[in-house]
Amino acid sequence: MINKPKGTIDIRDYEARVWKYVEEVIDSVMEKYNYNYIRTPIFESTELFHRGIGNTTDIVTKETYDFKDRGDRNITLRPEGTAGVVRSYIENKMYGTHNLPVKVYYNGTMYRYERPQAGRYRELSQYGVEVLGSNDPMIDAEVISLAYNINKMLGLKDSIIHLNSLGDKESRDNYRQALKDYFKPHLDDLCDDCKERFSKNPLRIIDCKIDSKKDYFKDAPNILDYLNEASKGYFDKVCEYLDLLEVKYVIDPKIVRGLDYYNHTVFEIMIEDNNLALGGGGRYDNLVNELGGPKTPCVGYAVGLDRLVMTLINKKIKLPIKYNVDAFIMYVNEDEKKYAIYLSNMLRMSGFVVETEYTNRSLKSQFKRADYFKSKYLIILNSEDLNEGLITIKNNETKEEEKIMTEYLTYYFDEHIEDDKYECLEEQE
RNA sequence: GCGGUAUUGGUGAAGUGGUUAACACGCUGGUUUGUGGCACCAGUAUGCAAGGGUUCGAUCCCCUUAUACCGCCCCA
């Protein structure tokens with residue numbers, strides 16, 4: 001037996017319907033905010049991610065899917081969405097052809113070579129937004145509220161934003177130095193990981209799972225005390241606008257995000273009663289420039305759809321997901337079967353959801369199957385009736401049964417079933 | 001990359017070093033030869049993740065591998 005590769009999932013049945021619904025909500029909310037859908041390649045040049053993310057962390061060295069293609073090009077499966085969007089912005093010179101800021105959103109699979117756990121896979125899906133070309137705190141607030149409102153529209157009423165600011169480069173350098181100064185006397189007492197972090201990524205010491213319980217962590221320097229005036233002013237504006245947007249948030253100085261390219265606003269979107277971050281993002285004013293484009297301030301975020309869907313299902317949130325059929329066509333003999341084939345096509349093209357029998361089961365089994373599909377109506381074909389131009393329709397809720405003229409069937413369904421009608425699109429001139 | 005726990009039909013699972021691997025749901029057929037959902041009857045794993053070893057004998061003990069889950073690293 002061939003199994004799916006490690007860290008991948010099959011999404012099917014109810015779960016697949018939830019996914020589709022979530023994606024529909026995302027699309028419709030994005031439309032209201034006038035964010036344009038963008039699809040960038042699933043694989044890019046390895047260099048894009050190495051330069052974009054920076055080589056400081058383990059991410060680039062061991063957590064991407066890298067390979068050489070047959071033309072000896074270095075290729076990487078995208079581990080996240082931002083780099084591709086930024087590359088596209090630069091390559092298509094969007095800074096010249098669009099009115100800034102450019103507001104885009106994406107939704108697709110990402111690939112990370114990690115040890116899988118629940119809600120953490122090697123092939124994962126994320127939707128996200130990027131806004132390129134504005135350094136107004138208003139857009140930070142809008143982006144955050146967008147993530148918040150999508151959760152709200154999905155019924156996740158207890159979402160909360162954990163918000164922080166890393167300030168500009170000066171502020172961050174000062175803070176990093178302050179952290180080092182503070183922890184230096186305790187260096188021997190820190191865990192092995194933190195000793196490593198001390199030199200590589202001191203900001204990460206703050207949220208260490210082992211050391212953060214220690215007494216002297218209570219008085220550790222807080223990033224917010226190290227913001228210079230401009231950075232502080234920017235952060236205050238973001239908060240002020242978030243209040244206007246009625247976003248529920250807390251200021252959480254432990255949110256640092258892993259990557260070098262973030263500055264100023266950083267945030268994660270959480271569910272209040274558990275510790276799981278659904279996603280996060282922040283401002284990255286230097287990435288476009290680093291990747292060879294003009295200096296362009298940007299802000300964005302990404303949310304993991306796997307976790308989002310998992311949360312919706314775990315919380316048993318009622319979603320308006322339709323999963324019943326309008327009519328189940330039952331038959332036994334060949335003549336009836338032929339009529340079933342004709343009828344199913346006709347009704348489907350008239351906009352009704354129709355199921356029928358495909359394996360010549362007994363009539364009894366067909367009833368069970370119709371119930372399994374929660375069919376509203378049963379159409380029970382009978383050769384004798386058909387010869388007289390009659391057809392038996394049974395309402396599966398009231399159990400009332402009636403015979404009607406075959407030619408009135410679609411009219412009957414139009415009367416009795418409310419449904420989304422669809423029509424063939426006309427060819428464009 | 002490191003550590004821990006687990007893996008038994010379509011599903012939930014019980015179980016033991018010894019001839020036929022519980023029970024339940026589901027599914028198929030029948031009682032009812034074309035009107036179901038109830039009831040009853042029958043069928044439904046030559047098999048206990050894969051491979052190897054110990055043993056007279058392994059689903060059970062040991063080893064290896066795979067996968068899943070939990071923790072660590074990391075978390076874009």
# chains A, B, ... in the order shown; residues from 1 in each chain; ligands from 1

call {"tool": "interface_residues", "arguments": {"of": "chain A", "to": "chain B", "cutoff": "10 Å", "atoms": "only C-alpha atoms (C1' of nucleotides)", "output": "ChimeraX atom specification"}}
result
/A:3-7,49,52-53,57-60,62-63,78-83,112,114-118,120,193,209,257-259,280-281,302,331-333,361-371,380-382,394

call {"tool": "write_last_selection", "arguments": {"atoms": "N, CA and C atoms", "output": "short mmCIF file (atom, residue, chain, number, x, y, z; two decimals), in the first residue's frame"}}
result
data_model
loop_
_atom_site.label_atom_id
_atom_site.label_comp_id
_atom_site.auth_asym_id
_atom_site.auth_seq_id
_atom_site.Cartn_x
_atom_site.Cartn_y
_atom_site.Cartn_z
N ASN A 3 1.30 5.02 0.99
CA ASN A 3 0.75 5.98 1.94
C ASN A 3 1.14 7.40 1.55
N LYS A 4 0.39 8.33 2.09
CA LYS A 4 0.72 9.73 1.82
C LYS A 4 2.04 10.07 2.50
N PRO A 5 2.82 10.98 1.91
CA PRO A 5 4.09 11.34 2.52
C PRO A 5 3.91 11.93 3.91
N LYS A 6 4.89 11.74 4.71
CA LYS A 6 4.89 12.25 6.08
C LYS A 6 4.52 13.74 6.12
N GLY A 7 3.64 14.07 7.04
CA GLY A 7 3.30 15.48 7.23
C GLY A 7 2.32 16.04 6.23
N PHE A 49 14.25 33.06 -0.97
CA PHE A 49 13.97 32.83 0.44
C PHE A 49 15.21 33.03 1.30
N GLY A 52 15.61 36.79 1.47
CA GLY A 52 14.47 37.42 2.11
C GLY A 52 14.43 37.16 3.60
N ILE A 53 14.58 35.91 3.96
CA ILE A 53 14.41 35.53 5.35
C ILE A 53 15.68 35.78 6.15
N THR A 57 18.64 32.09 11.04
CA THR A 57 17.90 31.04 11.77
C THR A 57 18.06 29.69 11.11
N ASP A 58 17.49 28.69 11.77
CA ASP A 58 17.49 27.33 11.22
C ASP A 58 16.60 27.20 10.00
N ILE A 59 15.69 28.17 9.87
CA ILE A 59 14.65 28.04 8.86
C ILE A 59 15.21 27.72 7.49
N VAL A 60 16.13 28.57 7.08
CA VAL A 60 16.62 28.46 5.72
C VAL A 60 17.53 27.25 5.57
N LYS A 62 17.64 24.34 7.26
CA LYS A 62 17.15 22.96 7.34
C LYS A 62 15.66 22.78 7.23
N GLU A 63 14.91 23.83 7.01
CA GLU A 63 13.47 23.64 7.03
C GLU A 63 12.76 23.98 5.73
N ARG A 78 7.94 27.07 -1.79
CA ARG A 78 7.75 28.25 -0.94
C ARG A 78 7.36 27.84 0.48
N PRO A 79 8.07 28.36 1.49
CA PRO A 79 7.73 28.06 2.87
C PRO A 79 6.76 29.09 3.45
N GLU A 80 6.50 30.15 2.72
CA GLU A 80 5.61 31.20 3.20
C GLU A 80 5.22 32.06 2.01
N GLY A 81 4.30 32.98 2.21
CA GLY A 81 3.74 33.69 1.06
C GLY A 81 4.35 35.04 0.75
N THR A 82 4.95 35.66 1.77
CA THR A 82 5.37 37.06 1.60
C THR A 82 6.44 37.23 0.53
N ALA A 83 7.46 36.39 0.56
CA ALA A 83 8.59 36.58 -0.35
C ALA A 83 8.14 36.55 -1.81
N ARG A 112 7.16 23.14 4.41
CA ARG A 112 8.21 23.29 5.43
C ARG A 112 8.65 21.92 5.91
N GLU A 114 9.46 20.08 8.52
CA GLU A 114 9.44 20.12 9.98
C GLU A 114 8.96 18.78 10.51
N ARG A 115 9.14 18.58 11.80
CA ARG A 115 8.56 17.42 12.47
C ARG A 115 7.07 17.66 12.63
N PRO A 116 6.22 16.85 12.02
CA PRO A 116 4.79 17.14 12.07
C PRO A 116 4.16 16.89 13.44
N GLN A 117 3.15 17.66 13.72
CA GLN A 117 2.29 17.47 14.89
C GLN A 117 0.89 17.86 14.48
N ALA A 118 -0.07 17.73 15.39
CA ALA A 118 -1.43 18.11 15.04
C ALA A 118 -1.47 19.58 14.66
N ARG A 120 0.13 21.00 12.40
CA ARG A 120 1.44 21.46 11.92
C ARG A 120 1.96 20.44 10.93
N ASP A 193 19.68 26.23 25.44
CA ASP A 193 19.10 26.90 24.28
C ASP A 193 19.26 28.41 24.40
N LYS A 209 10.55 28.64 27.26
CA LYS A 209 9.60 27.90 28.09
C LYS A 209 10.19 27.49 29.43
N ARG A 257 8.18 37.65 16.92
CA ARG A 257 8.29 37.08 15.56
C ARG A 257 9.74 36.67 15.31
N GLY A 258 9.89 35.68 14.48
CA GLY A 258 11.21 35.11 14.36
C GLY A 258 12.17 35.83 13.44
N LEU A 259 11.63 36.57 12.50
CA LEU A 259 12.50 36.99 11.41
C LEU A 259 13.06 38.39 11.55
N GLY A 280 -0.07 35.26 12.20
CA GLY A 280 0.49 36.50 12.67
C GLY A 280 1.16 37.25 11.54
N GLY A 281 1.66 38.42 11.87
CA GLY A 281 2.31 39.20 10.84
C GLY A 281 2.88 40.47 11.42
N ALA A 302 -0.21 36.35 7.79
CA ALA A 302 -0.66 35.07 7.23
C ALA A 302 -1.33 34.27 8.33
N TYR A 331 -34.74 3.47 -8.76
CA TYR A 331 -35.22 2.65 -9.87
C TYR A 331 -34.79 1.22 -9.64
N VAL A 332 -35.39 0.31 -10.39
CA VAL A 332 -34.99 -1.09 -10.26
C VAL A 332 -34.62 -1.71 -11.61
N ASN A 333 -35.51 -1.54 -12.60
CA ASN A 333 -35.23 -2.24 -13.87
C ASN A 333 -34.56 -1.33 -14.89
N ARG A 361 -28.48 -1.63 -6.38
CA ARG A 361 -28.89 -2.14 -5.08
C ARG A 361 -30.39 -2.35 -5.02
N SER A 362 -30.80 -3.05 -3.98
CA SER A 362 -32.23 -3.27 -3.78
C SER A 362 -32.90 -1.94 -3.45
N LEU A 363 -34.19 -1.91 -3.67
CA LEU A 363 -34.95 -0.69 -3.39
C LEU A 363 -34.79 -0.29 -1.93
N LYS A 364 -34.77 -1.28 -1.07
CA LYS A 364 -34.60 -1.02 0.36
C LYS A 364 -33.29 -0.28 0.63
N SER A 365 -32.24 -0.72 0.00
CA SER A 365 -30.96 -0.05 0.18
C SER A 365 -30.96 1.35 -0.39
N GLN A 366 -31.73 1.53 -1.47
CA GLN A 366 -31.79 2.85 -2.07
C GLN A 366 -32.47 3.84 -1.12
N PHE A 367 -33.43 3.36 -0.39
CA PHE A 367 -34.06 4.22 0.63
C PHE A 367 -33.04 4.64 1.68
N LYS A 368 -32.25 3.68 2.11
CA LYS A 368 -31.22 4.00 3.12
C LYS A 368 -30.24 5.02 2.59
N ARG A 369 -29.86 4.82 1.35
CA ARG A 369 -28.91 5.73 0.72
C ARG A 369 -29.48 7.14 0.60
N ALA A 370 -30.74 7.20 0.26
CA ALA A 370 -31.41 8.50 0.15
C ALA A 370 -31.41 9.21 1.51
N ASP A 371 -31.62 8.44 2.56
CA ASP A 371 -31.59 9.01 3.91
C ASP A 371 -30.19 9.48 4.28
N ILE A 380 -39.47 7.95 -7.10
CA ILE A 380 -39.50 6.49 -7.20
C ILE A 380 -40.06 6.12 -8.56
N LEU A 381 -39.18 5.65 -9.42
CA LEU A 381 -39.60 5.35 -10.78
C LEU A 381 -40.26 3.98 -10.85
N ASN A 382 -41.29 3.91 -11.68
CA ASN A 382 -42.05 2.69 -11.83
C ASN A 382 -42.46 2.57 -13.29
N LYS A 394 -42.04 11.51 -3.50
CA LYS A 394 -42.32 11.38 -2.07
C LYS A 394 -41.54 12.44 -1.32
#

call {"tool": "residues_around", "arguments": {"residues": "U65 (chain B)", "least_positions_apart": "4", "cutoff": "12 Å", "atoms": "only C-alpha atoms (C1' of nucleotides)", "output": "list of chain:residue names"}}
result
B:A49, B:A50, B:G51, B:G52

call {"tool": "write_last_selection", "arguments": {"atoms": "N, CA and C atoms (P, O5', C5', C4', C3', O3' and C1' of nucleotides)", "output": "tab-separated table (two decimals), in the first residue's frame"}}
result
chain	number	residue	atom	x	y	z
B	49	A	P	-0.29	-4.26	14.24
B	49	A	O5'	0.05	-3.85	12.73
B	49	A	C5'	-0.96	-3.33	11.87
B	49	A	C4'	-0.28	-2.60	10.72
B	49	A	C3'	0.91	-3.33	10.14
B	49	A	O3'	0.51	-4.27	9.16
B	49	A	C1'	1.51	-1.09	10.61
B	50	A	P	1.35	-5.65	8.97
B	50	A	O5'	2.68	-5.15	8.24
B	50	A	C5'	2.65	-4.74	6.87
B	50	A	C4'	4.06	-4.43	6.42
B	50	A	C3'	5.06	-5.54	6.69
B	50	A	O3'	5.07	-6.52	5.67
B	50	A	C1'	5.94	-3.50	7.48
B	51	G	P	5.44	-8.08	6.11
B	51	G	O5'	7.01	-8.00	6.40
B	51	G	C5'	7.91	-7.77	5.34
B	51	G	C4'	9.30	-7.55	5.87
B	51	G	C3'	9.87	-8.66	6.75
B	51	G	O3'	10.36	-9.76	6.00
B	51	G	C1'	10.28	-6.58	7.77
B	52	G	P	10.35	-11.23	6.70
B	52	G	O5'	11.44	-11.10	7.85
B	52	G	C5'	12.82	-11.25	7.56
B	52	G	C4'	13.67	-10.81	8.72
B	52	G	C3'	13.74	-11.76	9.92
B	52	G	O3'	14.59	-12.88	9.70
B	52	G	C1'	13.45	-9.56	10.70

call {"tool": "residues_around", "arguments": {"residues": "U55 (chain B)", "least_positions_apart": "5", "cutoff": "12 Å", "atoms": "only C-alpha atoms (C1' of nucleotides)", "output": "number ranges by chain"}}
result
B: 17-18, 61-62

call {"tool": "select_by_dssp", "arguments": {"residues": "region 36-109 of chain A", "states": "strand (DSSP E)", "output": "ChimeraX atom specification"}}
result
/A:36-37,43-45,66-68,74-77,102-109

call {"tool": "write_last_selection", "arguments": {"atoms": "N, CA and C atoms", "output": "PDB file, in the first residue's frame"}}
result
ATOM      1  N   ASN A  36      -6.862  42.590  -3.753  1.00  0.00           N
ATOM      2  CA  ASN A  36      -6.867  41.779  -4.973  1.00  0.00           C
ATOM      3  C   ASN A  36      -6.219  40.421  -4.737  1.00  0.00           C
ATOM      4  N   TYR A  37      -6.850  39.422  -5.313  1.00  0.00           N
ATOM      5  CA  TYR A  37      -6.317  38.057  -5.215  1.00  0.00           C
ATOM      6  C   TYR A  37      -5.046  37.942  -6.055  1.00  0.00           C
ATOM      7  N   PHE A  43       6.808  27.158  -6.384  1.00  0.00           N
ATOM      8  CA  PHE A  43       8.267  27.107  -6.223  1.00  0.00           C
ATOM      9  C   PHE A  43       8.912  28.369  -6.778  1.00  0.00           C
ATOM     10  N   GLU A  44       9.981  28.755  -6.152  1.00  0.00           N
ATOM     11  CA  GLU A  44      10.701  29.966  -6.534  1.00  0.00           C
ATOM     12  C   GLU A  44      12.199  29.645  -6.491  1.00  0.00           C
ATOM     13  N   SER A  45      12.996  30.584  -6.944  1.00  0.00           N
ATOM     14  CA  SER A  45      14.438  30.419  -6.809  1.00  0.00           C
ATOM     15  C   SER A  45      14.806  30.354  -5.335  1.00  0.00           C
ATOM     16  N   ASP A  66      14.405  22.117  -0.672  1.00  0.00           N
ATOM     17  CA  ASP A  66      15.274  22.620  -1.733  1.00  0.00           C
ATOM     18  C   ASP A  66      15.615  21.496  -2.691  1.00  0.00           C
ATOM     19  N   PHE A  67      15.688  21.817  -3.949  1.00  0.00           N
ATOM     20  CA  PHE A  67      16.166  20.818  -4.917  1.00  0.00           C
ATOM     21  C   PHE A  67      16.696  21.518  -6.160  1.00  0.00           C
ATOM     22  N   LYS A  68      17.420  20.766  -6.934  1.00  0.00           N
ATOM     23  CA  LYS A  68      17.883  21.264  -8.223  1.00  0.00           C
ATOM     24  C   LYS A  68      16.975  20.682  -9.289  1.00  0.00           C
ATOM     25  N   ASN A  74      18.574  26.135  -8.833  1.00  0.00           N
ATOM     26  CA  ASN A  74      18.247  25.915  -7.422  1.00  0.00           C
ATOM     27  C   ASN A  74      16.830  26.394  -7.150  1.00  0.00           C
ATOM     28  N   ILE A  75      16.007  25.454  -6.731  1.00  0.00           N
ATOM     29  CA  ILE A  75      14.583  25.716  -6.568  1.00  0.00           C
ATOM     30  C   ILE A  75      14.196  25.413  -5.123  1.00  0.00           C
ATOM     31  N   THR A  76      13.267  26.181  -4.588  1.00  0.00           N
ATOM     32  CA  THR A  76      12.745  25.916  -3.250  1.00  0.00           C
ATOM     33  C   THR A  76      11.232  25.996  -3.288  1.00  0.00           C
ATOM     34  N   LEU A  77      10.575  25.010  -2.675  1.00  0.00           N
ATOM     35  CA  LEU A  77       9.123  25.105  -2.507  1.00  0.00           C
ATOM     36  C   LEU A  77       8.854  26.205  -1.493  1.00  0.00           C
ATOM     37  N   VAL A 102      -0.408  48.961  -2.868  1.00  0.00           N
ATOM     38  CA  VAL A 102      -0.940  47.759  -3.496  1.00  0.00           C
ATOM     39  C   VAL A 102      -1.467  46.859  -2.389  1.00  0.00           C
ATOM     40  N   LYS A 103      -2.712  46.453  -2.510  1.00  0.00           N
ATOM     41  CA  LYS A 103      -3.314  45.587  -1.487  1.00  0.00           C
ATOM     42  C   LYS A 103      -3.655  44.244  -2.121  1.00  0.00           C
ATOM     43  N   VAL A 104      -2.989  43.195  -1.665  1.00  0.00           N
ATOM     44  CA  VAL A 104      -3.246  41.881  -2.263  1.00  0.00           C
ATOM     45  C   VAL A 104      -3.467  40.832  -1.179  1.00  0.00           C
ATOM     46  N   TYR A 105      -4.135  39.745  -1.572  1.00  0.00           N
ATOM     47  CA  TYR A 105      -4.233  38.592  -0.667  1.00  0.00           C
ATOM     48  C   TYR A 105      -4.002  37.317  -1.453  1.00  0.00           C
ATOM     49  N   TYR A 106      -3.545  36.315  -0.740  1.00  0.00           N
ATOM     50  CA  TYR A 106      -3.271  35.027  -1.369  1.00  0.00           C
ATOM     51  C   TYR A 106      -3.827  33.910  -0.496  1.00  0.00           C
ATOM     52  N   ASN A 107      -3.886  32.734  -1.071  1.00  0.00           N
ATOM     53  CA  ASN A 107      -4.357  31.556  -0.344  1.00  0.00           C
ATOM     54  C   ASN A 107      -3.762  30.363  -1.053  1.00  0.00           C
ATOM     55  N   GLY A 108      -2.910  29.628  -0.363  1.00  0.00           N
ATOM     56  CA  GLY A 108      -2.298  28.496  -1.050  1.00  0.00           C
ATOM     57  C   GLY A 108      -1.461  27.636  -0.128  1.00  0.00           C
ATOM     58  N   THR A 109      -0.830  26.626  -0.725  1.00  0.00           N
ATOM     59  CA  THR A 109      -0.051  25.689   0.072  1.00  0.00           C
ATOM     60  C   THR A 109       1.385  26.170   0.221  1.00  0.00           C
TER      61      THR A 109
END

call {"tool": "select_by_dssp", "arguments": {"residues": "region 142-177 of chain A", "states": "helix (DSSP H, G or I)", "output": "PyMOL selection string"}}
result
chain A and resi 142-153+169-177

call {"tool": "residues_around", "arguments": {"residues": "Lys157 (chain A)", "least_positions_apart": "5", "cutoff": "9 Å", "atoms": "only C-alpha atoms (C1' of nucleotides)", "output": "mmCIF file with N, CA and C atoms, in the first residue's frame"}}
result
data_model
loop_
_atom_site.group_PDB
_atom_site.id
_atom_site.type_symbol
_atom_site.label_atom_id
_atom_site.label_comp_id
_atom_site.auth_asym_id
_atom_site.auth_seq_id
_atom_site.Cartn_x
_atom_site.Cartn_y
_atom_site.Cartn_z
ATOM 1 N N ASN A 151 -12.039 36.214 11.223
ATOM 2 C CA ASN A 151 -12.336 35.267 12.300
ATOM 3 C C ASN A 151 -13.745 35.479 12.837
ATOM 4 N N LYS A 152 -14.083 36.745 12.984
ATOM 5 C CA LYS A 152 -15.408 37.082 13.504
ATOM 6 C C LYS A 152 -16.501 36.574 12.563
ATOM 7 N N ILE A 271 -6.738 32.606 19.921
ATOM 8 C CA ILE A 271 -8.059 32.332 20.486
ATOM 9 C C ILE A 271 -7.895 32.443 21.994
#

call {"tool": "residues_around", "arguments": {"residues": "Gly304 (chain A)", "least_positions_apart": "6", "cutoff": "8 Å", "atoms": "only C-alpha atoms (C1' of nucleotides)", "output": "list in words"}}
result
Leu124, Ser125, Gln126, Tyr127, Leu278 and Gly279 of chain A

call {"tool": "residues_around", "arguments": {"residues": "region 30-33 of chain B", "least_positions_apart": "6", "cutoff": "9 Å", "atoms": "only C-alpha atoms (C1' of nucleotides)", "output": "list of chain:residue names"}}
result
B:C40, B:C41, B:A42

call {"tool": "write_last_selection", "arguments": {"atoms": "C-alpha atoms (C1' of nucleotides)", "output": "compact mmCIF listing (two decimals), in the first residue's frame"}}
result
# COMPACT_ATOMS: atom_id res chain seq x y z
C1' C B 40 -35.08 -10.52 13.66
C1' C B 41 -31.60 -13.77 10.73
C1' A B 42 -27.17 -14.36 7.76

call {"tool": "atom_distance", "arguments": {"atom1": "CA of Asn222 (chain A)", "atom2": "CA of Tyr261 (chain A)"}}
result
20.1 Å

call {"tool": "residues_around", "arguments": {"residues": "C25 (chain B)", "least_positions_apart": "2", "cutoff": "12 Å", "atoms": "only C-alpha atoms (C1' of nucleotides)", "output": "JSON list (two decimals) with N, CA and C atoms (P, O5', C5', C4', C3', O3' and C1' of nucleotides), in the first residue's frame"}}
result
[["chain", "number", "residue", "atom", "x", "y", "z"],
["B", 10, "G", "P", -10.49, -2.68, 6.03],
["B", 10, "G", "O5'", -11.72, -1.67, 6.02],
["B", 10, "G", "C5'", -11.68, -0.52, 5.19],
["B", 10, "G", "C4'", -12.75, 0.44, 5.60],
["B", 10, "G", "C3'", -12.75, 0.81, 7.08],
["B", 10, "G", "O3'", -11.78, 1.80, 7.38],
["B", 10, "G", "C1'", -14.95, 0.30, 6.43],
["B", 11, "U", "P", -11.05, 1.80, 8.80],
["B", 11, "U", "O5'", -12.20, 2.35, 9.76],
["B", 11, "U", "C5'", -12.64, 3.70, 9.66],
["B", 11, "U", "C4'", -13.67, 3.98, 10.73],
["B", 11, "U", "C3'", -13.23, 3.71, 12.15],
["B", 11, "U", "O3'", -12.50, 4.80, 12.68],
["B", 11, "U", "C1'", -15.35, 2.73, 11.81],
["B", 12, "G", "P", -11.42, 4.52, 13.84],
["B", 12, "G", "O5'", -12.33, 4.22, 15.12],
["B", 12, "G", "C5'", -13.20, 5.22, 15.63],
["B", 12, "G", "C4'", -13.94, 4.70, 16.83],
["B", 12, "G", "C3'", -13.09, 4.00, 17.88],
["B", 12, "G", "O3'", -12.42, 4.93, 18.71],
["B", 12, "G", "C1'", -15.05, 2.74, 17.50],
["B", 13, "A", "P", -11.09, 4.53, 19.49],
["B", 13, "A", "O5'", -11.09, 2.93, 19.52],
["B", 13, "A", "C5'", -10.62, 2.23, 20.65],
["B", 13, "A", "C4'", -11.62, 1.18, 21.04],
["B", 13, "A", "C3'", -10.99, -0.07, 21.65],
["B", 13, "A", "O3'", -10.86, 0.07, 23.05],
["B", 13, "A", "C1'", -12.46, -0.70, 19.90],
["B", 23, "C", "P", -19.03, -11.44, 19.52],
["B", 23, "C", "O5'", -19.61, -10.05, 20.04],
["B", 23, "C", "C5'", -19.98, -9.89, 21.40],
["B", 23, "C", "C4'", -19.96, -8.43, 21.76],
["B", 23, "C", "C3'", -20.59, -7.50, 20.74],
["B", 23, "C", "O3'", -22.00, -7.50, 20.79],
["B", 23, "C", "C1'", -18.54, -6.59, 21.46],
["B", 27, "C", "P", -25.34, 1.75, 6.76],
["B", 27, "C", "O5'", -24.60, 0.72, 5.79],
["B", 27, "C", "C5'", -23.61, 1.19, 4.89],
["B", 27, "C", "C4'", -22.88, 0.02, 4.28],
["B", 27, "C", "C3'", -23.78, -1.03, 3.62],
["B", 27, "C", "O3'", -24.15, -0.64, 2.32],
["B", 27, "C", "C1'", -22.19, -2.11, 5.00]]

call {"tool": "atom_distance", "arguments": {"atom1": "CA of Glu355 (chain A)", "atom2": "CA of Tyr323 (chain A)"}}
result
12.0 Å

call {"tool": "atom_distance", "arguments": {"atom1": "CA of Thr64 (chain A)", "atom2": "CA of Asn201 (chain A)"}}
result
20.2 Å
